[in-house]
$ cat model04.txt   # compact mmCIF, C-alpha atoms
# COMPACT_ATOMS: atom_id res chain seq x y z
CA MET A 1 -118.46 126.17 -53.42
CA THR A 2 -116.18 123.50 -54.82
CA GLU A 3 -114.24 121.51 -52.24
CA ASN A 4 -110.46 121.71 -52.45
CA VAL A 5 -109.24 118.23 -53.39
CA HIS A 6 -105.64 117.25 -52.65
CA GLU A 7 -104.01 114.95 -55.18
CA LEU A 8 -101.55 112.09 -54.74
CA ASP A 9 -100.04 110.33 -57.75
CA VAL A 10 -98.67 106.88 -56.91
CA ARG A 11 -98.90 105.41 -60.38
CA ARG A 12 -96.39 102.63 -61.16
CA GLN A 13 -95.75 102.06 -57.47
CA LEU A 14 -96.59 98.73 -55.97
CA CYS A 15 -98.36 98.01 -52.72
CA PRO A 16 -97.67 98.72 -49.96
CA ILE A 17 -95.96 101.87 -51.23
CA PRO A 18 -99.24 103.51 -52.37
CA VAL A 19 -100.66 102.82 -48.91
CA ILE A 20 -97.59 104.22 -47.16
CA LYS A 21 -97.64 107.36 -49.31
CA THR A 22 -101.37 107.78 -48.69
CA GLN A 23 -100.77 107.41 -44.96
CA ASN A 24 -97.95 109.95 -44.99
CA LYS A 25 -100.01 112.43 -47.02
CA VAL A 26 -103.05 111.99 -44.77
CA ASN A 27 -100.84 112.72 -41.73
CA GLU A 28 -100.05 116.13 -43.26
CA LEU A 29 -103.71 117.02 -43.89
CA ALA A 30 -106.31 118.43 -41.54
CA GLN A 31 -109.38 116.49 -40.48
CA GLY A 32 -112.08 116.79 -43.14
CA ALA A 33 -109.66 117.34 -46.03
CA VAL A 34 -110.33 115.39 -49.23
CA LEU A 35 -107.56 113.42 -50.93
CA ARG A 36 -107.68 111.80 -54.35
CA VAL A 37 -105.13 109.01 -54.85
CA THR A 38 -104.31 107.72 -58.36
CA CYS A 39 -102.66 104.29 -58.55
CA THR A 40 -101.88 101.62 -61.13
CA ASP A 41 -101.45 98.68 -58.73
CA PRO A 42 -104.87 96.99 -58.60
CA GLY A 43 -104.02 95.84 -55.06
CA ALA A 44 -104.51 99.45 -53.94
CA LEU A 45 -108.23 99.01 -54.53
CA ASN A 46 -108.31 96.70 -51.52
CA ASP A 47 -105.45 98.06 -49.49
CA ILE A 48 -106.15 101.79 -49.38
CA PRO A 49 -109.83 101.41 -48.39
CA ALA A 50 -108.79 98.80 -45.77
CA TRP A 51 -106.19 101.21 -44.40
CA CYS A 52 -108.85 103.96 -44.31
CA ARG A 53 -111.35 101.76 -42.49
CA ILE A 54 -108.94 100.70 -39.75
CA ASN A 55 -107.54 104.18 -39.23
CA GLY A 56 -110.85 106.05 -39.24
CA HIS A 57 -110.83 107.78 -42.63
CA GLU A 58 -113.83 107.78 -44.96
CA VAL A 59 -113.61 106.43 -48.50
CA LEU A 60 -115.83 108.68 -50.60
CA LYS A 61 -115.36 106.99 -53.96
CA THR A 62 -113.37 104.30 -55.75
CA GLU A 63 -113.02 104.22 -59.53
CA GLN A 64 -111.23 101.70 -61.71
CA ASP A 65 -110.55 101.35 -65.40
CA ASP A 66 -108.12 99.10 -67.29
CA ARG A 67 -105.02 100.95 -66.18
CA GLU A 68 -105.81 103.05 -63.14
CA VAL A 69 -107.47 102.97 -59.75
CA VAL A 70 -108.60 106.24 -58.20
CA ILE A 71 -109.58 106.42 -54.54
CA THR A 72 -111.08 109.55 -53.00
CA LEU A 73 -111.09 109.78 -49.23
CA ARG A 74 -111.91 112.19 -46.46
CA VAL A 75 -109.39 112.51 -43.62
CA GLY A 76 -110.71 111.48 -40.21
CA GLU A 77 -109.58 112.36 -36.72
CA ALA A 78 -105.83 112.29 -36.08
CA SER A 79 -104.55 109.61 -33.72
CA VAL A 80 -101.51 109.63 -31.43
CA ALA A 81 -98.67 109.96 -33.88
CA LEU A 82 -96.56 106.83 -33.96
CA MET B 1 -122.03 126.47 7.39
CA SER B 2 -120.85 122.96 6.85
CA GLU B 3 -118.73 122.03 3.90
CA ALA B 4 -120.15 119.53 1.48
CA ALA B 5 -118.45 116.18 1.81
CA THR B 6 -116.09 115.41 -1.05
CA PRO B 7 -117.34 112.23 -2.73
CA ILE B 8 -114.81 109.44 -2.68
CA THR B 9 -114.22 108.18 -6.19
CA THR B 10 -112.07 105.36 -7.38
CA PRO B 11 -109.85 106.55 -10.22
CA GLU B 12 -110.52 104.88 -13.53
CA PRO B 13 -107.84 102.29 -14.13
CA ILE B 14 -105.51 103.36 -16.88
CA GLN B 15 -105.89 101.26 -19.99
CA ARG B 16 -102.38 100.17 -20.88
CA ARG B 17 -101.30 100.46 -24.48
CA ALA B 18 -99.07 98.24 -26.57
CA ILE B 19 -97.44 98.53 -29.98
CA ALA B 20 -97.57 95.21 -31.83
CA LEU B 21 -95.25 94.18 -34.64
CA VAL B 22 -97.77 92.90 -37.19
CA SER B 23 -96.45 90.85 -40.08
CA GLY B 24 -99.78 89.57 -41.34
CA GLY B 25 -99.11 86.02 -40.17
CA LEU B 26 -100.87 83.99 -37.51
CA ASP B 27 -98.42 84.47 -34.61
CA SER B 28 -98.57 88.25 -34.45
CA MET B 29 -102.34 88.01 -34.87
CA LEU B 30 -102.57 85.70 -31.86
CA ALA B 31 -100.21 87.85 -29.79
CA VAL B 32 -102.53 90.82 -30.32
CA LYS B 33 -105.60 88.75 -29.46
CA VAL B 34 -104.01 87.55 -26.21
CA MET B 35 -103.37 91.17 -25.23
CA GLN B 36 -106.83 92.35 -26.23
CA GLU B 37 -108.28 89.57 -24.07
CA GLN B 38 -106.47 91.15 -21.14
CA GLY B 39 -107.92 94.58 -21.87
CA ILE B 40 -104.80 96.09 -23.45
CA HIS B 41 -105.24 98.69 -26.20
CA VAL B 42 -103.12 97.54 -29.13
CA GLU B 43 -101.99 99.37 -32.26
CA GLY B 44 -99.98 97.64 -34.96
CA VAL B 45 -96.88 98.56 -36.87
CA ASN B 46 -95.77 96.91 -40.07
CA PHE B 47 -92.46 97.53 -41.83
CA PHE B 48 -91.77 97.70 -45.55
CA THR B 49 -88.20 96.55 -46.17
CA GLY B 50 -88.39 96.14 -49.95
CA PHE B 51 -87.98 92.39 -49.56
CA CYS B 52 -91.55 91.75 -48.45
CA VAL B 53 -93.33 89.03 -50.38
CA GLU B 54 -96.61 90.79 -49.68
CA GLY B 55 -98.26 92.73 -52.40
CA HIS B 56 -95.71 93.08 -55.12
CA THR B 57 -95.60 89.60 -56.52
CA HIS B 58 -99.34 89.32 -56.25
CA ALA B 59 -99.73 92.54 -58.16
CA ILE B 60 -97.21 91.65 -60.83
CA ARG B 61 -97.89 88.07 -61.76
CA LYS B 62 -100.94 87.20 -63.77
CA LYS B 63 -101.03 83.66 -62.42
CA ASP B 64 -101.94 85.17 -59.08
CA LYS B 65 -104.75 87.18 -60.63
CA GLU B 66 -107.44 85.07 -59.04
CA LYS B 67 -105.86 85.43 -55.63
CA ASN B 68 -107.21 88.13 -53.41
CA LYS B 69 -104.71 90.95 -53.79
CA ARG B 70 -104.91 91.95 -50.18
CA ASN B 71 -102.14 93.06 -47.90
CA ASN B 72 -102.22 90.58 -45.06
CA ALA B 73 -101.01 93.01 -42.40
CA LEU B 74 -103.91 95.36 -43.23
CA TRP B 75 -106.32 92.47 -43.38
CA VAL B 76 -105.17 91.20 -39.97
CA ALA B 77 -105.42 94.69 -38.46
CA GLU B 78 -108.97 95.01 -39.69
CA LYS B 79 -109.88 91.58 -38.34
CA LEU B 80 -108.42 92.51 -34.96
CA GLY B 81 -109.96 95.99 -34.95
CA ILE B 82 -106.62 97.73 -34.45
CA LYS B 83 -104.96 100.68 -36.15
CA LEU B 84 -101.99 99.87 -38.33
CA HIS B 85 -99.07 102.13 -39.13
CA ILE B 86 -96.98 101.03 -42.11
CA LEU B 87 -93.43 102.31 -42.20
CA ASP B 88 -91.13 102.43 -45.19
CA ILE B 89 -87.75 101.45 -43.74
CA SER B 90 -86.29 100.26 -47.05
CA GLU B 91 -83.43 102.79 -47.02
CA GLU B 92 -82.30 102.25 -43.43
CA TYR B 93 -82.76 98.52 -43.87
CA LYS B 94 -79.90 98.32 -46.38
CA ASP B 95 -77.39 98.35 -43.56
CA VAL B 96 -79.15 95.36 -41.96
CA VAL B 97 -78.90 93.37 -45.20
CA LEU B 98 -75.38 94.44 -46.11
CA ASN B 99 -73.73 94.33 -42.68
CA PRO B 100 -75.60 91.99 -40.36
CA LYS B 101 -73.76 91.90 -37.04
CA HIS B 102 -75.17 88.46 -36.28
CA GLY B 103 -74.70 87.08 -39.80
CA TYR B 104 -77.07 85.42 -42.23
CA GLY B 105 -79.36 82.41 -41.96
CA ALA B 106 -79.48 79.66 -44.59
CA ASN B 107 -79.64 82.28 -47.38
CA LEU B 108 -79.08 86.05 -47.32
CA ASN B 109 -81.61 86.41 -44.54
CA PRO B 110 -80.28 88.49 -41.63
CA CYS B 111 -83.19 87.40 -39.43
CA LEU B 112 -81.73 88.20 -36.01
CA ASP B 113 -80.46 91.65 -37.03
CA CYS B 114 -83.78 92.22 -38.78
CA LYS B 115 -85.78 91.48 -35.65
CA ILE B 116 -83.50 93.66 -33.53
CA PHE B 117 -83.87 96.47 -36.07
CA MET B 118 -87.66 96.23 -36.17
CA VAL B 119 -88.06 96.08 -32.41
CA ASN B 120 -85.68 99.03 -32.17
CA GLN B 121 -87.87 100.98 -34.61
CA ALA B 122 -90.91 100.15 -32.50
CA THR B 123 -89.01 101.24 -29.38
CA LEU B 124 -88.20 104.59 -30.96
CA MET B 125 -91.88 104.98 -31.84
CA LEU B 126 -92.86 104.06 -28.30
CA ASN B 127 -90.43 106.57 -26.82
CA LYS B 128 -91.59 109.30 -29.18
CA ALA B 129 -95.25 108.62 -28.43
CA ARG B 130 -94.56 108.68 -24.67
CA GLU B 131 -92.76 111.98 -25.10
CA LEU B 132 -95.66 113.47 -27.09
CA ALA B 133 -98.61 111.97 -25.30
CA GLY B 134 -97.41 110.81 -21.88
CA GLU B 135 -99.91 108.32 -20.46
CA LYS B 136 -101.76 108.34 -23.78
CA GLY B 137 -98.61 107.11 -25.44
CA PHE B 138 -97.59 103.47 -25.32
CA ASP B 139 -96.35 101.30 -22.49
CA PHE B 140 -94.81 98.26 -24.11
CA ILE B 141 -94.16 96.34 -27.31
CA ILE B 142 -95.40 92.89 -28.27
CA THR B 143 -94.31 90.46 -30.96
CA GLY B 144 -95.56 87.04 -32.05
CA GLU B 145 -92.15 85.45 -31.46
CA VAL B 146 -92.08 81.87 -30.25
CA VAL B 147 -89.00 80.34 -28.63
CA GLY B 148 -87.42 77.73 -30.88
CA GLN B 149 -89.60 78.45 -33.87
CA ARG B 150 -87.00 79.89 -36.23
CA PRO B 151 -83.46 78.57 -36.46
CA LYS B 152 -81.82 81.98 -36.77
CA SER B 153 -83.80 84.48 -34.79
CA GLN B 154 -86.34 82.77 -32.58
CA ARG B 155 -84.19 80.76 -30.19
CA LYS B 156 -84.14 80.91 -26.40
CA GLU B 157 -80.69 82.51 -26.43
CA THR B 158 -81.60 85.12 -29.07
CA MET B 159 -84.68 86.42 -27.24
CA PRO B 160 -82.69 88.42 -24.62
CA ILE B 161 -80.33 89.64 -27.37
CA ILE B 162 -83.30 91.11 -29.26
CA SER B 163 -84.64 92.72 -26.07
CA SER B 164 -81.36 94.33 -25.11
CA GLU B 165 -79.86 95.25 -28.49
CA SER B 166 -83.14 96.81 -29.66
CA GLY B 167 -83.24 99.00 -26.56
CA ALA B 168 -86.72 97.71 -25.69
CA ASP B 169 -85.35 95.71 -22.73
CA ASP B 170 -88.14 94.57 -20.44
CA ARG B 171 -90.77 96.57 -22.30
CA LEU B 172 -90.73 93.79 -24.92
CA LEU B 173 -93.29 91.07 -24.27
CA ARG B 174 -93.84 87.91 -26.32
CA PRO B 175 -97.33 86.80 -25.24
CA LEU B 176 -97.11 83.39 -26.97
CA SER B 177 -93.84 82.40 -25.28
CA ALA B 178 -93.74 84.66 -22.22
CA ARG B 179 -93.90 81.85 -19.68
CA ASN B 180 -90.70 80.39 -21.10
CA LEU B 181 -88.95 83.72 -20.63
CA PRO B 182 -88.05 86.03 -17.72
CA GLU B 183 -90.77 88.32 -16.44
CA THR B 184 -91.10 91.62 -18.27
CA LEU B 185 -92.22 95.07 -17.10
CA PRO B 186 -95.90 94.68 -18.09
CA GLU B 187 -96.04 91.41 -16.14
CA ARG B 188 -94.23 92.78 -13.08
CA GLU B 189 -96.41 95.89 -12.99
CA GLY B 190 -99.55 93.80 -13.25
CA TRP B 191 -100.61 95.40 -16.54
CA VAL B 192 -100.92 91.87 -17.90
CA ASP B 193 -101.45 88.61 -16.07
CA ARG B 194 -98.51 86.27 -16.72
CA GLU B 195 -100.69 83.27 -15.91
CA ARG B 196 -102.84 84.10 -18.92
CA LEU B 197 -99.89 84.25 -21.26
CA TYR B 198 -98.52 81.20 -23.11
CA ASP B 199 -95.49 78.93 -23.10
CA PHE B 200 -95.36 77.89 -26.73
CA SER B 201 -92.04 76.65 -28.01
CA GLY B 202 -90.61 74.85 -31.01
CA ARG B 203 -91.69 74.50 -34.59
CA ASN B 204 -94.93 72.63 -33.92
CA ARG B 205 -97.76 74.89 -35.03
CA LYS B 206 -100.55 72.92 -33.35
CA PRO B 207 -100.75 75.12 -30.21
CA GLN B 208 -101.11 78.22 -32.39
CA MET B 209 -103.81 76.56 -34.45
CA ALA B 210 -105.68 75.52 -31.29
CA LEU B 211 -105.43 79.08 -29.96
CA ALA B 212 -106.68 80.41 -33.29
CA ARG B 213 -109.70 78.12 -32.94
CA HIS B 214 -110.20 79.34 -29.36
CA PHE B 215 -110.36 82.91 -30.66
CA GLY B 216 -112.66 81.89 -33.51
CA LEU B 217 -110.06 82.77 -36.13
CA GLU B 218 -110.81 80.55 -39.07
CA GLU B 219 -108.90 82.35 -41.78
CA TYR B 220 -105.30 83.44 -41.57
CA ALA B 221 -102.31 83.74 -43.87
CA GLN B 222 -99.89 80.85 -43.89
CA PRO B 223 -96.81 82.02 -45.74
CA ALA B 224 -94.86 78.97 -46.87
CA GLY B 225 -91.34 80.38 -46.65
CA GLY B 226 -91.90 83.32 -44.37
CA CYS B 227 -92.79 86.79 -45.52
CA CYS B 228 -89.37 87.86 -46.76
CA PHE B 229 -87.71 87.15 -50.10
CA LEU B 230 -84.31 86.92 -48.43
CA THR B 231 -85.22 83.51 -47.01
CA ASP B 232 -85.71 82.28 -50.58
CA GLU B 233 -82.68 80.50 -52.05
CA SER B 234 -83.31 81.52 -55.65
CA TYR B 235 -83.83 85.17 -54.69
CA SER B 236 -80.69 85.19 -52.53
CA ASN B 237 -78.70 83.72 -55.42
CA LYS B 238 -79.91 86.53 -57.66
CA LEU B 239 -78.90 89.14 -55.09
CA ALA B 240 -75.47 87.54 -54.64
CA ASP B 241 -75.06 87.49 -58.44
CA LEU B 242 -75.91 91.19 -58.59
CA TRP B 243 -73.23 92.04 -56.04
CA ARG B 244 -70.67 89.82 -57.76
CA ALA B 245 -71.32 91.39 -61.16
CA ARG B 246 -71.05 94.90 -59.73
CA ASN B 247 -67.97 94.10 -57.66
CA GLU B 248 -69.62 95.71 -54.68
CA ARG B 249 -72.30 94.93 -52.16
CA ARG B 250 -74.94 97.59 -52.65
CA TYR B 251 -78.47 97.83 -54.02
CA GLU B 252 -81.23 100.29 -54.78
CA LEU B 253 -84.93 99.62 -54.32
CA ASP B 254 -85.42 99.11 -58.07
CA ASP B 255 -82.70 96.42 -58.07
CA ILE B 256 -84.41 94.34 -55.44
CA MET B 257 -87.82 94.82 -57.06
CA LEU B 258 -86.46 93.55 -60.37
CA LEU B 259 -85.00 90.47 -58.69
CA LYS B 260 -88.57 89.43 -57.90
CA VAL B 261 -89.62 89.46 -61.53
CA GLY B 262 -88.86 87.45 -64.66
CA ARG B 263 -86.27 84.99 -65.83
CA HIS B 264 -82.72 86.21 -65.12
CA ILE B 265 -80.05 85.12 -67.61
CA ARG B 266 -76.45 86.31 -67.45
CA PRO B 267 -74.55 85.56 -70.67
CA ALA B 268 -71.63 87.78 -69.57
CA GLU B 269 -70.35 89.38 -66.36
CA HIS B 270 -71.17 92.83 -67.72
CA HIS B 271 -74.80 92.23 -68.65
CA LYS B 272 -77.83 90.30 -67.52
CA LEU B 273 -81.20 89.84 -69.22
CA ILE B 274 -84.41 90.09 -67.24
CA ILE B 275 -87.02 88.38 -69.42
CA SER B 276 -90.72 88.57 -68.58
CA ARG B 277 -92.58 85.30 -68.23
CA GLU B 278 -96.09 86.55 -68.72
CA GLU B 279 -98.28 89.57 -69.32
CA GLY B 280 -98.22 90.90 -65.76
CA GLU B 281 -94.43 90.87 -65.66
CA ASN B 282 -94.37 92.42 -69.12
CA ARG B 283 -96.39 95.36 -67.84
CA PHE B 284 -94.18 95.68 -64.79
CA LEU B 285 -90.94 95.67 -66.81
CA GLU B 286 -92.46 98.15 -69.25
CA GLY B 287 -92.21 100.75 -66.50
CA TYR B 288 -88.41 100.36 -66.45
CA ARG B 289 -87.78 100.87 -70.18
CA TYR B 290 -86.77 104.47 -69.62
CA GLN B 291 -83.91 103.26 -67.39
CA PHE B 292 -82.68 100.18 -69.27
CA THR B 293 -81.96 99.08 -72.82
CA SER B 294 -84.82 96.73 -73.71
CA LEU B 295 -85.50 94.03 -76.26
CA THR B 296 -88.89 92.93 -77.46
CA THR B 297 -90.08 90.78 -80.35
CA VAL B 298 -91.79 92.48 -83.27
CA SER B 299 -92.46 89.68 -85.76
CA CYS B 300 -94.28 87.48 -83.22
CA PRO B 301 -95.70 87.70 -79.70
CA GLY B 302 -92.95 87.44 -77.13
CA PRO B 303 -91.53 88.70 -73.88
CA LEU B 304 -90.06 92.04 -72.96
CA ALA B 305 -86.45 91.86 -71.75
CA LEU B 306 -84.46 94.48 -69.89
CA VAL B 307 -80.70 94.57 -70.20
CA ASP B 308 -79.02 95.21 -66.87
CA GLY B 309 -75.53 96.22 -67.96
CA THR B 310 -74.00 96.88 -71.35
CA PHE B 311 -73.13 95.13 -74.60
CA GLU B 312 -69.51 95.38 -75.63
CA SER B 313 -70.16 94.36 -79.22
CA GLU B 314 -72.90 93.92 -81.80
CA GLN B 315 -72.33 90.19 -81.43
CA GLU B 316 -73.27 90.32 -77.73
CA LEU B 317 -76.42 92.23 -78.61
CA ARG B 318 -77.35 89.64 -81.25
CA ARG B 319 -76.75 86.80 -78.79
CA ALA B 320 -79.06 88.50 -76.26
CA ALA B 321 -81.71 89.01 -78.95
CA ALA B 322 -81.49 85.32 -79.90
CA ILE B 323 -82.05 84.36 -76.25
CA VAL B 324 -85.11 86.62 -76.01
CA ALA B 325 -86.41 85.14 -79.30
CA ARG B 326 -86.02 81.68 -77.75
CA TYR B 327 -88.70 82.63 -75.20
CA SER B 328 -91.08 84.03 -77.83
CA LYS B 329 -93.82 82.40 -79.90
CA GLY B 330 -91.36 82.48 -82.80
CA ARG B 331 -88.89 80.09 -81.19
CA GLY B 332 -89.51 77.56 -84.00
CA ASP B 333 -89.12 80.16 -86.78
CA ASP B 334 -85.97 80.62 -88.84
CA GLU B 335 -85.81 84.29 -87.97
CA VAL B 336 -87.37 86.63 -85.44
CA VAL B 337 -87.39 90.42 -85.65
CA LEU B 338 -86.81 92.31 -82.42
CA GLU B 339 -86.83 95.94 -81.43
CA VAL B 340 -83.86 97.19 -79.43
CA LYS B 341 -84.70 100.34 -77.54
CA GLU B 342 -82.22 102.52 -75.70
CA PRO B 343 -83.27 104.18 -72.42
CA GLY B 344 -83.50 107.50 -74.25
CA GLY B 345 -86.11 106.06 -76.63
CA VAL B 346 -83.94 105.53 -79.72
CA ALA B 347 -85.04 102.24 -81.28
CA ARG B 348 -83.92 99.99 -84.12
CA GLU B 349 -84.84 96.55 -85.38
CA ILE B 350 -82.60 93.50 -85.66
CA THR B 351 -83.29 90.06 -87.09
CA VAL B 352 -81.83 86.94 -85.49
CA ALA B 353 -82.26 83.19 -85.48
CA PRO B 354 -83.76 82.15 -82.10
CA ALA B 355 -81.29 80.48 -79.74
CA LEU B 356 -81.53 76.73 -79.31
CA PRO B 357 -81.81 75.26 -75.80
CA ASP B 358 -78.13 74.22 -75.86
CA ASP B 359 -77.12 77.78 -76.70
CA ILE B 360 -78.23 78.87 -73.23
CA PRO B 361 -76.16 76.92 -70.68
CA LEU B 362 -77.72 76.29 -67.30
CA SER B 363 -74.94 78.27 -65.67
CA TRP B 364 -76.30 81.43 -67.31
CA HIS B 365 -79.59 81.04 -65.45
CA VAL B 366 -79.38 83.06 -62.26
CA GLY B 367 -81.40 81.95 -59.26
$ encode --input "model04.txt" --output "structure tokens"
Amino acid sequence: MTENVHELDVRRQLCPIPVIKTQNKVNELAQGAVLRVTCTDPGALNDIPAWCRINGHEVLKTEQDDREVVITLRVGEASVAL
Amino acid sequence: MSEAATPITTPEPIQRRAIALVSGGLDSMLAVKVMQEQGIHVEGVNFFTGFCVEGHTHAIRKKDKEKNKRNNALWVAEKLGIKLHILDISEEYKDVVLNPKHGYGANLNPCLDCKIFMVNQATLMLNKARELAGEKGFDFIITGEVVGQRPKSQRKETMPIISSESGADDRLLRPLSARNLPETLPEREGWVDRERLYDFSGRNRKPQMALARHFGLEEYAQPAGGCCFLTDESYSNKLADLWRARNERRYELDDIMLLKVGRHIRPAEHHKLIISREEGENRFLEGYRYQFTSLTTVSCPGPLALVDGTFESEQELRRAAAIVARYSKGRGDDEVVLEVKEPGGVAREITVAPALPDDIPLSWHVG
């Protein structure tokens, strides 16, 4: 069975906006959900995985070509909502 | 039948929890460390105002390509092993920039109002978390503020103003300067030991550096002019110019993003040119061509320029094209061909002689 992958398009947005939008999207998703984030800011390649690591979400894959960065992550356990 | 004796157990002490304002700089990093050393659970919050130096400029400018394009607040959070919540407050923040109750600093930096606003946001988060999670919520807020460190916001007399006007009151603790300030709730309740807090004051950074060494922190960000573009004179001049030209004090997020990029030249009150200085800025401005009239050289390599405003005559358009040609590889040529593209995509070519340096008075340069 193919896993349902949620998509987030944050192309042309500069960090930290891709991170903020990823965070907000993750807060809407259930634990275990998979999210694929497409960005054009190369900074996202560092920032989104860093955000995932510190907040307990798993980065499944990062891809990069000349124009785009794609990060696929699995949502971890929810924390106390701040 | 005798009843089994109930074992006497000591209740587990509650681990107190603090929300830290994390900028990505050394002071907030140290404040968190001091709390962690006292067994406090800390989570960080970082605010995106739109004026943050972090990220954007690094991403845009090619000259920074070799620099690590990291977000310092995230990097610090990871180093400290704390969660970090990043909040986009750019819309609500407009009121802080446009109507600061306590006025501006040396430039258009509303530092005191900014700090009050951010601590207030953290207080709202704290209250909400307490409502939702009770004891598993948060007990107090910490910042890396140091008495006397900043001329506008971090003075002995502004510290109580921040505490009271933010609504945090005595739930706001500044671990690096606490012993210079009245006791706060976490100290009074014994959640933290005041004796193990610090009494830093003034602009001397040596105590912070010594404390960083004590904690084994060898690498940390040292922003030269703070982490906000509003403390930058050139940036503030560009923002003031924008308001003057529009006859009103307002801005959108795109406006303040574009003030961070390119060479800004205003040949007339009703239009300004934003001319890219290198490839990274070119790419960034490219994304705005659907919103602005743009000019770019065709007969030689050159910059991309956005026109913020309108041309009232063909002559004004030709003058703008000549200025853009001046910053192209064809500046020494007799003629340069440029493409003029309307936001809707309609394009045409014009040929002009590049402007000479004297054709662009210094007063046209904004910033």
$ closest_atom_pairs --input "model04.txt" --of "chain A" --to "chain B" --cutoff "9 Å" --atoms "all atoms listed in the file" --output "tab-separated table"
residue	atom	partner	partner_atom	distance
A:Arg12	CA	B:Gly287	CA	7.0
A:Leu14	CA	B:His56	CA	5.8
A:Cys15	CA	B:Gly55	CA	5.3
A:Pro16	CA	B:Gly55	CA	6.5
A:Ile17	CA	B:Asp88	CA	7.8
A:Val19	CA	B:Ile86	CA	7.9
A:Ile20	CA	B:Ile86	CA	6.0
A:Gln23	CA	B:Ile86	CA	7.9
A:Asp41	CA	B:Ala59	CA	6.4
A:Pro42	CA	B:Ala59	CA	6.8
A:Gly43	CA	B:Lys69	CA	5.1
A:Ala44	CA	B:Arg70	CA	8.4
A:Leu45	CA	B:Lys69	CA	8.8
A:Asn46	CA	B:Arg70	CA	6.0
A:Asp47	CA	B:Arg70	CA	6.2
A:Ala50	CA	B:Leu74	CA	6.5
A:Trp51	CA	B:Leu74	CA	6.4
A:Arg53	CA	B:Glu78	CA	7.7
A:Ile54	CA	B:Lys83	CA	5.4
A:Asn55	CA	B:Lys83	CA	5.3
A:Gly56	CA	B:Lys83	CA	8.5
A:Val80	CA	B:Ala129	CA	7.0
A:Ala81	CA	B:Ala129	CA	6.6
A:Leu82	CA	B:Met125	CA	5.5
$ atom_distance --input "model04.txt" --atom1 "CA of Arg348 (chain B)" --atom2 "CA of Leu259 (chain B)"
27.2 Å
$ atom_distance --input "model04.txt" --atom1 "CA of Leu295 (chain B)" --atom2 "CA of Ala240 (chain B)"
24.7 Å
$ atom_distance --input "model04.txt" --atom1 "CA of His6 (chain A)" --atom2 "CA of Gln64 (chain A)"
18.8 Å
$ residues_around --input "model04.txt" --residues "Gly302 (chain B)" --least-positions-apart "3" --cutoff "8 Å" --atoms "only C-alpha atoms" --output "number ranges by chain"
B: 296-297, 324-325, 327-330
$ closest_residue --input "model04.txt" --among "B:Arg179, B:Lys238, B:His102, B:Arg331" --to "Cys300 (chain B)" --atoms "all atoms listed in the file"
B:Arg331
$ residues_around --input "model04.txt" --residues "Glu63 (chain A)" --least-positions-apart "3" --cutoff "10 Å" --atoms "all atoms listed in the file" --output "list of chain:residue names"
A:Thr38, A:Leu45, A:Glu68, A:Val69, A:Val70, A:Ile71, A:Thr72
$ residues_near_point --input "model04.txt" --point "(-113.1, 109.6, -44.4)" --cutoff "7 Å" --atoms "all atoms listed in the file" --output "VMD selection string"
chain A and resid 56 to 60 73 to 76
$ residues_around --input "model04.txt" --residues "Asn27 (chain A)" --least-positions-apart "2" --cutoff "10 Å" --atoms "all atoms listed in the file" --output "ChimeraX atom specification"
/A:21-25,29-31,75,78-79,81
$ closest_atom_pairs --input "model04.txt" --of "region 10-56 of chain B" --to "region 181-191 of chain B" --cutoff "10 Å" --atoms "all atoms listed in the file" --output "Markdown table"
| residue | atom | partner | partner_atom | distance |
| --- | --- | --- | --- | --- |
| B:Ile14 | CA | B:Trp191 | CA | 9.4 |
| B:Gln15 | CA | B:Trp191 | CA | 8.6 |
| B:Arg16 | CA | B:Trp191 | CA | 6.7 |
| B:Arg17 | CA | B:Trp191 | CA | 9.4 |
| B:Ala18 | CA | B:Pro186 | CA | 9.7 |
| B:Gln38 | CA | B:Trp191 | CA | 8.6 |
| B:Gly39 | CA | B:Trp191 | CA | 9.1 |
| B:Ile40 | CA | B:Trp191 | CA | 8.1 |
$ residues_near_point --input "model04.txt" --point "(-98.0, 107.4, -59.3)" --cutoff "9 Å" --atoms "only C-alpha atoms" --output "list in words"
Leu8, Asp9, Val10, Arg11, Arg12, Gln13, Pro18, Val37, Thr38, Cys39 and Thr40 of chain A
$ decode --input "model04.txt" --residues "region 53-58 of chain A" --atoms "N, CA and C atoms" --output "mmCIF file, in the first residue's frame"
data_model
loop_
_atom_site.group_PDB
_atom_site.id
_atom_site.type_symbol
_atom_site.label_atom_id
_atom_site.label_comp_id
_atom_site.auth_asym_id
_atom_site.auth_seq_id
_atom_site.Cartn_x
_atom_site.Cartn_y
_atom_site.Cartn_z
ATOM 1 N N ARG A 53 15.138 17.696 13.889
ATOM 2 C CA ARG A 53 15.934 17.008 14.916
ATOM 3 C C ARG A 53 15.576 17.514 16.313
ATOM 4 N N ILE A 54 15.494 18.854 16.469
ATOM 5 C CA ILE A 54 15.279 19.370 17.826
ATOM 6 C C ILE A 54 13.839 19.184 18.306
ATOM 7 N N ASN A 55 12.925 18.993 17.364
ATOM 8 C CA ASN A 55 11.531 18.850 17.781
ATOM 9 C C ASN A 55 11.017 17.414 17.666
ATOM 10 N N GLY A 56 11.923 16.486 17.376
ATOM 11 C CA GLY A 56 11.552 15.066 17.422
ATOM 12 C C GLY A 56 10.835 14.530 16.196
ATOM 13 N N HIS A 57 11.108 15.091 15.035
ATOM 14 C CA HIS A 57 10.531 14.555 13.793
ATOM 15 C C HIS A 57 11.655 13.928 12.965
ATOM 16 N N GLU A 58 11.291 12.925 12.170
ATOM 17 C CA GLU A 58 12.334 12.173 11.458
ATOM 18 C C GLU A 58 12.447 12.643 10.000
#
